[in-house]
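Text of the file model-v8.pdb, holding PDB, C-alpha atoms:
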```pdb
ATOM      1  CA  ARG A   1      39.300  16.227   0.573
ATOM      2  CA  ASN A   2      42.557  14.346   1.184
ATOM      3  CA  ASN A   3      43.717  10.785   1.644
ATOM      4  CA  THR A   4      43.254  10.833   5.421
ATOM      5  CA  TYR A   5      39.672  11.986   5.878
ATOM      6  CA  ASN A   6      37.050  14.355   4.556
ATOM      7  CA  THR A   7      35.727  16.875   7.052
ATOM      8  CA  ILE A   8      32.377  18.607   6.770
ATOM      9  CA  SER A   9      31.978  21.603   9.086
ATOM     10  CA  ASP A  10      28.744  23.126  10.356
ATOM     11  CA  GLU A  11      29.104  26.409  12.201
ATOM     12  CA  LEU A  12      25.416  26.524  13.134
ATOM     13  CA  THR A  13      25.624  23.111  14.781
ATOM     14  CA  LYS A  14      28.796  24.178  16.608
ATOM     15  CA  THR A  15      26.882  27.152  17.981
ATOM     16  CA  MET A  16      24.331  24.732  19.428
ATOM     17  CA  PHE A  17      27.033  22.659  21.131
ATOM     18  CA  ASP A  18      28.616  25.818  22.546
ATOM     19  CA  ALA A  19      25.250  26.706  24.052
ATOM     20  CA  LEU A  20      24.928  23.252  25.633
ATOM     21  CA  ARG A  21      28.388  23.604  27.165
ATOM     22  CA  ALA A  22      27.280  26.923  28.631
ATOM     23  CA  GLY A  23      24.418  25.179  30.446
ATOM     24  CA  GLU A  24      21.538  25.914  28.079
ATOM     25  CA  THR A  25      19.024  23.171  27.365
ATOM     26  CA  ALA A  26      17.521  22.049  24.080
ATOM     27  CA  SER A  27      14.459  20.051  23.091
ATOM     28  CA  THR A  28      13.357  18.375  19.877
ATOM     29  CA  ALA A  29      10.082  17.879  18.042
ATOM     30  CA  ALA A  30       9.382  15.297  15.357
ATOM     31  CA  ALA A  31       8.385  16.397  11.871
ATOM     32  CA  ASN A  32       4.603  16.119  11.503
ATOM     33  CA  PRO A  33       2.604  14.908   8.468
ATOM     34  CA  GLN A  34       1.962  18.460   7.266
ATOM     35  CA  GLN A  35       5.668  19.244   7.211
ATOM     36  CA  TRP A  36       6.346  16.044   5.292
ATOM     37  CA  SER A  37       3.630  16.921   2.787
ATOM     38  CA  GLU A  38       5.174  20.342   2.246
ATOM     39  CA  ALA A  39       8.547  18.714   1.622
ATOM     40  CA  MET A  40       7.281  16.037  -0.787
ATOM     41  CA  GLU A  41       4.558  17.760  -2.759
ATOM     42  CA  PRO A  42       6.712  20.087  -4.922
ATOM     43  CA  ALA A  43       8.524  17.071  -6.389
ATOM     44  CA  LEU A  44       5.243  15.241  -6.984
ATOM     45  CA  ALA A  45       3.720  18.309  -8.625
ATOM     46  CA  GLU A  46       6.683  18.413 -11.025
ATOM     47  CA  GLY A  47       5.982  14.827 -12.058
ATOM     48  CA  HIS A  48       8.612  13.033  -9.974
ATOM     49  CA  ASP A  49       8.225   9.948  -7.816
ATOM     50  CA  VAL A  50       9.442  10.202  -4.212
ATOM     51  CA  LEU A  51      11.525   7.927  -2.027
ATOM     52  CA  VAL A  52      11.755   9.015   1.622
ATOM     53  CA  LEU A  53      14.544   7.694   3.874
ATOM     54  CA  ALA A  54      13.126   8.549   7.285
ATOM     55  CA  PHE A  55      14.752   8.798  10.708
ATOM     56  CA  SER A  56      14.514   5.662  12.869
ATOM     57  CA  SER A  57      11.051   4.757  14.168
ATOM     58  CA  GLY A  58      12.816   3.452  17.283
ATOM     59  CA  LEU A  59      13.745   7.021  18.208
ATOM     60  CA  SER A  60      10.997   9.214  16.777
ATOM     61  CA  THR A  61       7.537   9.369  15.220
ATOM     62  CA  THR A  62       9.074  10.996  12.130
ATOM     63  CA  TYR A  63       8.725   7.826  10.045
ATOM     64  CA  GLN A  64       5.057   7.366  10.949
ATOM     65  CA  SER A  65       4.366  10.981  10.000
ATOM     66  CA  ALA A  66       6.046  10.468   6.637
ATOM     67  CA  VAL A  67       3.882   7.388   5.991
ATOM     68  CA  ILE A  68       0.705   9.352   6.778
ATOM     69  CA  ALA A  69       1.776  12.182   4.484
ATOM     70  CA  GLY A  70       2.637   9.711   1.731
ATOM     71  CA  GLN A  71      -0.761   8.048   1.967
ATOM     72  CA  GLU A  72      -2.560  11.378   1.749
ATOM     73  CA  LEU A  73      -0.475  12.575  -1.181
ATOM     74  CA  SER A  74      -0.983   9.278  -3.017
ATOM     75  CA  GLU A  75      -4.694  10.085  -3.176
ATOM     76  CA  LYS A  76      -3.921  13.525  -4.586
ATOM     77  CA  TYR A  77      -1.278  12.244  -7.027
ATOM     78  CA  PRO A  78      -2.427   8.707  -7.908
ATOM     79  CA  GLN A  79      -0.128   8.587 -10.941
ATOM     80  CA  ARG A  80       2.974   9.076  -8.787
ATOM     81  CA  ASN A  81       4.860   6.486  -6.736
ATOM     82  CA  ILE A  82       5.686   7.337  -3.108
ATOM     83  CA  ARG A  83       7.787   5.020  -0.949
ATOM     84  CA  VAL A  84       8.861   5.571   2.662
ATOM     85  CA  VAL A  85      11.727   3.634   4.270
ATOM     86  CA  ASP A  86      12.093   3.339   8.033
ATOM     87  CA  THR A  87      15.888   3.519   7.935
ATOM     88  CA  LEU A  88      16.303   2.398  11.572
ATOM     89  CA  CYS A  89      19.217   4.843  11.379
ATOM     90  CA  ALA A  90      20.235   8.109  12.983
ATOM     91  CA  SER A  91      22.783  10.853  12.384
ATOM     92  CA  MET A  92      25.604   9.952   9.984
ATOM     93  CA  GLY A  93      24.448   6.332   9.995
ATOM     94  CA  GLN A  94      21.386   7.580   8.161
ATOM     95  CA  GLY A  95      23.690   9.740   6.081
ATOM     96  CA  LEU A  96      25.666   6.668   5.046
ATOM     97  CA  LEU A  97      22.508   4.929   3.842
ATOM     98  CA  VAL A  98      21.505   8.032   1.876
ATOM     99  CA  TRP A  99      25.020   8.256   0.416
ATOM    100  CA  TYR A 100      24.913   4.675  -0.836
ATOM    101  CA  ALA A 101      21.324   5.078  -2.069
ATOM    102  CA  CYS A 102      22.355   8.057  -4.194
ATOM    103  CA  GLN A 103      25.085   5.938  -5.784
ATOM    104  CA  LYS A 104      22.571   3.189  -6.549
ATOM    105  CA  ARG A 105      20.152   5.740  -8.009
ATOM    106  CA  ASP A 106      22.913   7.040 -10.269
ATOM    107  CA  GLU A 107      23.623   3.461 -11.366
ATOM    108  CA  GLY A 108      20.112   3.434 -12.835
ATOM    109  CA  LEU A 109      17.982   1.644 -10.236
ATOM    110  CA  SER A 110      14.285   2.386 -10.498
ATOM    111  CA  LEU A 111      12.464   3.772  -7.468
ATOM    112  CA  GLU A 112      11.037   0.349  -6.640
ATOM    113  CA  GLU A 113      14.442  -1.280  -7.009
ATOM    114  CA  LEU A 114      16.049   1.387  -4.861
ATOM    115  CA  TYR A 115      13.335   1.025  -2.226
ATOM    116  CA  ALA A 116      14.000  -2.723  -2.052
ATOM    117  CA  TRP A 117      17.768  -2.122  -1.933
ATOM    118  CA  CYS A 118      17.402   0.320   0.993
ATOM    119  CA  GLU A 119      15.182  -2.085   2.921
ATOM    120  CA  ASP A 120      17.914  -4.715   2.632
ATOM    121  CA  ALA A 121      20.939  -2.449   3.130
ATOM    122  CA  LYS A 122      19.622  -0.783   6.298
ATOM    123  CA  MET A 123      19.974  -4.102   8.136
ATOM    124  CA  ARG A 124      23.661  -4.301   7.191
ATOM    125  CA  LEU A 125      24.735  -0.865   8.415
ATOM    126  CA  CYS A 126      26.404  -0.716  11.841
ATOM    127  CA  HIS A 127      26.134   2.302  14.140
ATOM    128  CA  TRP A 128      28.440   2.451  17.190
ATOM    129  CA  PHE A 129      29.175   5.488  19.345
ATOM    130  CA  THR A 130      30.316   6.730  22.721
ATOM    131  CA  VAL A 131      29.655   9.820  24.835
ATOM    132  CA  ASP A 132      32.082  11.798  26.968
ATOM    133  CA  ASP A 133      29.641  13.513  29.328
ATOM    134  CA  LEU A 134      27.130  11.272  31.115
ATOM    135  CA  MET A 135      25.133  14.257  32.320
ATOM    136  CA  PHE A 136      23.647  14.693  28.878
ATOM    137  CA  LEU A 137      22.422  11.089  28.921
ATOM    138  CA  LYS A 138      20.875  11.812  32.307
ATOM    139  CA  ARG A 139      19.256  14.982  31.009
ATOM    140  CA  GLY A 140      17.782  13.029  28.099
ATOM    141  CA  GLY A 141      16.359  10.378  30.422
ATOM    142  CA  ARG A 142      18.696   7.618  29.170
ATOM    143  CA  ILE A 143      20.339   6.979  32.562
ATOM    144  CA  SER A 144      19.569   7.835  36.186
ATOM    145  CA  ALA A 145      21.121  10.743  38.054
ATOM    146  CA  ALA A 146      22.922   8.308  40.354
ATOM    147  CA  THR A 147      24.413   6.368  37.434
ATOM    148  CA  ALA A 148      25.560   9.594  35.803
ATOM    149  CA  LEU A 149      27.173  10.842  39.012
ATOM    150  CA  VAL A 150      29.019   7.601  39.802
ATOM    151  CA  GLY A 151      30.055   7.119  36.186
ATOM    152  CA  THR A 152      31.440  10.652  36.017
ATOM    153  CA  MET A 153      33.433  10.153  39.219
ATOM    154  CA  LEU A 154      34.923   6.905  37.878
ATOM    155  CA  ASN A 155      35.543   8.344  34.380
ATOM    156  CA  ILE A 156      33.248   5.730  32.833
ATOM    157  CA  LYS A 157      32.435   6.123  29.137
ATOM    158  CA  PRO A 158      29.639   3.931  27.748
ATOM    159  CA  VAL A 159      29.812   2.373  24.301
ATOM    160  CA  LEU A 160      26.397   2.182  22.629
ATOM    161  CA  HIS A 161      24.938   1.154  19.310
ATOM    162  CA  VAL A 162      21.732   1.363  17.287
ATOM    163  CA  ASP A 163      20.097  -2.076  17.294
ATOM    164  CA  ASP A 164      18.040  -3.805  14.585
ATOM    165  CA  GLU A 165      14.913  -2.025  15.814
ATOM    166  CA  GLY A 166      16.563   1.380  15.541
ATOM    167  CA  ARG A 167      16.931   1.941  19.302
ATOM    168  CA  LEU A 168      19.930   3.174  21.296
ATOM    169  CA  ILE A 169      21.373   0.306  23.336
ATOM    170  CA  SER A 170      24.282   0.393  25.796
ATOM    171  CA  LYS A 171      26.739  -2.437  25.078
ATOM    172  CA  SER A 172      29.820  -1.888  27.245
ATOM    173  CA  LYS A 173      31.728   0.574  29.433
ATOM    174  CA  CYS A 174      35.308   1.868  29.244
ATOM    175  CA  ARG A 175      37.524   3.787  31.631
ATOM    176  CA  GLY A 176      38.534   6.978  29.893
ATOM    177  CA  ARG A 177      37.822   8.714  26.625
ATOM    178  CA  LYS A 178      40.681   7.223  24.593
ATOM    179  CA  ALA A 179      39.700   3.696  25.636
ATOM    180  CA  SER A 180      36.140   4.300  24.449
ATOM    181  CA  LEU A 181      37.361   5.568  21.062
ATOM    182  CA  ASP A 182      39.643   2.566  20.712
ATOM    183  CA  ALA A 183      36.652   0.348  21.543
ATOM    184  CA  LEU A 184      34.756   1.829  18.587
ATOM    185  CA  ALA A 185      37.672   1.058  16.273
ATOM    186  CA  ALA A 186      37.975  -2.466  17.683
ATOM    187  CA  LYS A 187      34.281  -3.065  17.040
ATOM    188  CA  LEU A 188      34.778  -2.132  13.389
ATOM    189  CA  GLY A 189      37.657  -4.581  13.250
ATOM    190  CA  GLU A 190      35.467  -7.265  14.807
ATOM    191  CA  LEU A 191      32.548  -6.718  12.439
ATOM    192  CA  GLY A 192      34.712  -6.218   9.359
ATOM    193  CA  LEU A 193      34.148  -4.293   6.156
ATOM    194  CA  PRO A 194      32.240  -6.506   3.688
ATOM    195  CA  GLY A 195      33.274  -6.660   0.062
ATOM    196  CA  GLU A 196      34.426  -3.380  -1.425
ATOM    197  CA  ASN A 197      32.713  -1.215   1.198
ATOM    198  CA  LYS A 198      35.773   0.629   2.470
ATOM    199  CA  THR A 199      34.006   3.823   3.493
ATOM    200  CA  VAL A 200      33.253   4.819   7.081
ATOM    201  CA  PHE A 201      31.306   7.855   8.262
ATOM    202  CA  ILE A 202      32.326   9.405  11.600
ATOM    203  CA  SER A 203      30.145  11.997  13.272
ATOM    204  CA  HIS A 204      31.121  13.993  16.340
ATOM    205  CA  GLY A 205      29.541  16.316  18.872
ATOM    206  CA  ASP A 206      32.019  19.168  18.457
ATOM    207  CA  CYS A 207      35.110  17.073  19.256
ATOM    208  CA  ILE A 208      36.907  17.050  15.931
ATOM    209  CA  ASP A 209      40.230  15.932  17.424
ATOM    210  CA  ASP A 210      38.611  12.746  18.743
ATOM    211  CA  ALA A 211      36.969  12.111  15.356
ATOM    212  CA  GLN A 212      40.291  12.549  13.566
ATOM    213  CA  TYR A 213      42.010  10.231  16.056
ATOM    214  CA  LEU A 214      39.404   7.553  15.375
ATOM    215  CA  ALA A 215      39.704   8.096  11.621
ATOM    216  CA  ASN A 216      43.440   7.517  11.766
ATOM    217  CA  VAL A 217      43.032   4.339  13.842
ATOM    218  CA  VAL A 218      40.498   2.710  11.528
ATOM    219  CA  LYS A 219      42.570   3.558   8.466
ATOM    220  CA  GLU A 220      45.852   2.315   9.904
ATOM    221  CA  LYS A 221      44.560  -0.814  11.663
ATOM    222  CA  TYR A 222      41.523  -1.974   9.708
ATOM    223  CA  GLY A 223      42.004  -1.081   6.064
ATOM    224  CA  VAL A 224      39.416   1.677   5.822
ATOM    225  CA  GLU A 225      40.111   3.631   2.647
ATOM    226  CA  ASN A 226      37.719   6.565   2.902
ATOM    227  CA  VAL A 227      36.548   8.374   6.037
ATOM    228  CA  ILE A 228      34.000  11.174   5.953
ATOM    229  CA  ILE A 229      33.744  13.246   9.138
ATOM    230  CA  SER A 230      30.818  15.511  10.005
ATOM    231  CA  TYR A 231      29.002  16.945  12.985
ATOM    232  CA  VAL A 232      26.262  15.058  14.740
ATOM    233  CA  GLY A 233      23.197  17.062  13.738
ATOM    234  CA  ALA A 234      21.378  19.335  16.142
ATOM    235  CA  VAL A 235      18.539  16.861  16.820
ATOM    236  CA  ILE A 236      20.749  13.954  17.885
ATOM    237  CA  GLY A 237      23.271  16.351  19.419
TER     238      GLY A 237
END
```

Structure rendered as structure tokens:
Amino acid sequence: RNNTYNTISDELTKTMFDALRAGETASTAAANPQQWSEAMEPALAEGHDVLVLAFSSGLSTTYQSAVIAGQELSEKYPQRNIRVVDTLCASMGQGLLVWYACQKRDEGLSLEELYAWCEDAKMRLCHWFTVDDLMFLKRGGRISAATALVGTMLNIKPVLHVDDEGRLISKSKCRGRKASLDALAAKLGELGLPGENKTVFISHGDCIDDAQYLANVVKEKYGVENVIISYVGAVIG
């Protein structure tokens, strides 16, 4: 921890990105209701209530599976309170919501109060990102092969965000990597940092130098006080 940024490393995630660079492919599978039940039940059995902050329903069925598991466990543990939030978030955007929620929990909010706070706060979090290699968007079915080929030849870097329905939406295009990173910083400057919220989370797909460059820009230009840097997780990566 220092006054420039906090960096969280993940060697296992880096191994995954190294494999992708080497040409290997990866696939994902959403957590199913049984897996959610296995994650929640130990806490319920110990007498705790449970608040789940689930991955965006606009990108996965994970949230729906958590709801199903919660309904089933509510019948088994009728004295316990189970709440599931569709965060409409992904990656470190979801991490930011969890981070704030933990602070609110420690301030003494009840589960119901925290559930209501999360439902409100999730609509005020902004998620903006860019990608350097269009071929991965093509591989994931986000863009056509022709678009990926032409964009690569022209050094086009898309700028995307997560919309209010939790979906990935392309918003603009930049020529070159540095321009796309500067566009992310400019978007933060445009949207502003409300109130005392001076913390920004930056996640990266094994490009720590780019993340640190962006951290320095938002601190120097836009008054960000605290930057936490971490890998994009394996699922989003």

Target residues per the PyMOL selection byres ((chain A and resi 26) around 12), formatted as a ChimeraX atom specification:
/A:16-25,27-29,136,139-140,234-237

Using the chain letters and numbering of this document, enumerate as a PyMOL selection string the residues selected by the PyMOL selection byres ((chain A and resi 47) around 12).
chain A and resi 40-46+48-50+77-82

Just C-alpha atoms for this one: save the residues we selected as an mmCIF file, in the coordinates of the input.
```
data_model
loop_
_atom_site.group_PDB
_atom_site.id
_atom_site.type_symbol
_atom_site.label_atom_id
_atom_site.label_comp_id
_atom_site.auth_asym_id
_atom_site.auth_seq_id
_atom_site.Cartn_x
_atom_site.Cartn_y
_atom_site.Cartn_z
ATOM 1 C CA MET A 40 7.281 16.037 -0.787
ATOM 2 C CA GLU A 41 4.558 17.760 -2.759
ATOM 3 C CA PRO A 42 6.712 20.087 -4.922
ATOM 4 C CA ALA A 43 8.524 17.071 -6.389
ATOM 5 C CA LEU A 44 5.243 15.241 -6.984
ATOM 6 C CA ALA A 45 3.720 18.309 -8.625
ATOM 7 C CA GLU A 46 6.683 18.413 -11.025
ATOM 8 C CA HIS A 48 8.612 13.033 -9.974
ATOM 9 C CA ASP A 49 8.225 9.948 -7.816
ATOM 10 C CA VAL A 50 9.442 10.202 -4.212
ATOM 11 C CA TYR A 77 -1.278 12.244 -7.027
ATOM 12 C CA PRO A 78 -2.427 8.707 -7.908
ATOM 13 C CA GLN A 79 -0.128 8.587 -10.941
ATOM 14 C CA ARG A 80 2.974 9.076 -8.787
ATOM 15 C CA ASN A 81 4.860 6.486 -6.736
ATOM 16 C CA ILE A 82 5.686 7.337 -3.108
#
```

Could you spell out the hits of the PyMOL selection byres ((chain A and resi 130-133) around 9) on the shown file, as a PyMOL selection string?
chain A and resi 128-129+134-137+148+152+155-161+176-177+180-181+184+205

Take the residues from that selection and write them out as a PDB file, keeping the file's coordinate frame, keeping C-alpha atoms.
```
ATOM      1  CA  TRP A 128      28.440   2.451  17.190  1.00  0.00           C
ATOM      2  CA  PHE A 129      29.175   5.488  19.345  1.00  0.00           C
ATOM      3  CA  LEU A 134      27.130  11.272  31.115  1.00  0.00           C
ATOM      4  CA  MET A 135      25.133  14.257  32.320  1.00  0.00           C
ATOM      5  CA  PHE A 136      23.647  14.693  28.878  1.00  0.00           C
ATOM      6  CA  LEU A 137      22.422  11.089  28.921  1.00  0.00           C
ATOM      7  CA  ALA A 148      25.560   9.594  35.803  1.00  0.00           C
ATOM      8  CA  THR A 152      31.440  10.652  36.017  1.00  0.00           C
ATOM      9  CA  ASN A 155      35.543   8.344  34.380  1.00  0.00           C
ATOM     10  CA  ILE A 156      33.248   5.730  32.833  1.00  0.00           C
ATOM     11  CA  LYS A 157      32.435   6.123  29.137  1.00  0.00           C
ATOM     12  CA  PRO A 158      29.639   3.931  27.748  1.00  0.00           C
ATOM     13  CA  VAL A 159      29.812   2.373  24.301  1.00  0.00           C
ATOM     14  CA  LEU A 160      26.397   2.182  22.629  1.00  0.00           C
ATOM     15  CA  HIS A 161      24.938   1.154  19.310  1.00  0.00           C
ATOM     16  CA  GLY A 176      38.534   6.978  29.893  1.00  0.00           C
ATOM     17  CA  ARG A 177      37.822   8.714  26.625  1.00  0.00           C
ATOM     18  CA  SER A 180      36.140   4.300  24.449  1.00  0.00           C
ATOM     19  CA  LEU A 181      37.361   5.568  21.062  1.00  0.00           C
ATOM     20  CA  LEU A 184      34.756   1.829  18.587  1.00  0.00           C
ATOM     21  CA  GLY A 205      29.541  16.316  18.872  1.00  0.00           C
TER      22      GLY A 205
END
```

Ala185 of chain A environment, 7 Å, only C-alpha atoms, sequence neighbours closer than 6 positions dropped, as number ranges by chain
A: 214, 217-218

Residues near Glu119 of chain A, cut-off 12 Å, all atoms listed in the file, skip fewer than 2 positions along chain, as a PyMOL selection string
chain A and resi 51-54+83-89+97-98+101+112-117+121-125

Could you save those same residues with C-alpha atoms as a PDB file, in the coordinates of the input?
```pdb
ATOM      1  CA  LEU A  51      11.525   7.927  -2.027  1.00  0.00           C
ATOM      2  CA  VAL A  52      11.755   9.015   1.622  1.00  0.00           C
ATOM      3  CA  LEU A  53      14.544   7.694   3.874  1.00  0.00           C
ATOM      4  CA  ALA A  54      13.126   8.549   7.285  1.00  0.00           C
ATOM      5  CA  ARG A  83       7.787   5.020  -0.949  1.00  0.00           C
ATOM      6  CA  VAL A  84       8.861   5.571   2.662  1.00  0.00           C
ATOM      7  CA  VAL A  85      11.727   3.634   4.270  1.00  0.00           C
ATOM      8  CA  ASP A  86      12.093   3.339   8.033  1.00  0.00           C
ATOM      9  CA  THR A  87      15.888   3.519   7.935  1.00  0.00           C
ATOM     10  CA  LEU A  88      16.303   2.398  11.572  1.00  0.00           C
ATOM     11  CA  CYS A  89      19.217   4.843  11.379  1.00  0.00           C
ATOM     12  CA  LEU A  97      22.508   4.929   3.842  1.00  0.00           C
ATOM     13  CA  VAL A  98      21.505   8.032   1.876  1.00  0.00           C
ATOM     14  CA  ALA A 101      21.324   5.078  -2.069  1.00  0.00           C
ATOM     15  CA  GLU A 112      11.037   0.349  -6.640  1.00  0.00           C
ATOM     16  CA  GLU A 113      14.442  -1.280  -7.009  1.00  0.00           C
ATOM     17  CA  LEU A 114      16.049   1.387  -4.861  1.00  0.00           C
ATOM     18  CA  TYR A 115      13.335   1.025  -2.226  1.00  0.00           C
ATOM     19  CA  ALA A 116      14.000  -2.723  -2.052  1.00  0.00           C
ATOM     20  CA  TRP A 117      17.768  -2.122  -1.933  1.00  0.00           C
ATOM     21  CA  ALA A 121      20.939  -2.449   3.130  1.00  0.00           C
ATOM     22  CA  LYS A 122      19.622  -0.783   6.298  1.00  0.00           C
ATOM     23  CA  MET A 123      19.974  -4.102   8.136  1.00  0.00           C
ATOM     24  CA  ARG A 124      23.661  -4.301   7.191  1.00  0.00           C
ATOM     25  CA  LEU A 125      24.735  -0.865   8.415  1.00  0.00           C
TER      26      LEU A 125
END
```

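The two atoms in question, atom CA of Ala183 of chain A and atom CA of Met153 of chain A, are spaced 20.5 Å apart.
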
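Distances from A:Cys118, A:Val200, A:Val150, A:Ala39 to Val227 of chain A were compared using all atoms listed in the file, and the smallest one belongs to A:Val200.
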
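Take atom CA of Glu72 of chain A and atom CA of Leu59 of chain A: the distance between them is 23.6 Å.
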
Atom CA of Ser91 of chain A to atom CA of Glu107 of chain A, straight-line distance in Å:
24.9 Å

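The residue that comes closest to Glu225 of chain A, out of A:Ile68, A:His204, A:Lys171, A:Lys198 and on the basis of all atoms listed in the file, is A:Lys198.
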
The residue from A:Ile228, A:Tyr63, A:Ser74, A:Leu188 with the smallest atom-to-atom distance to Gly166 of chain A, counting all atoms listed in the file, is A:Tyr63
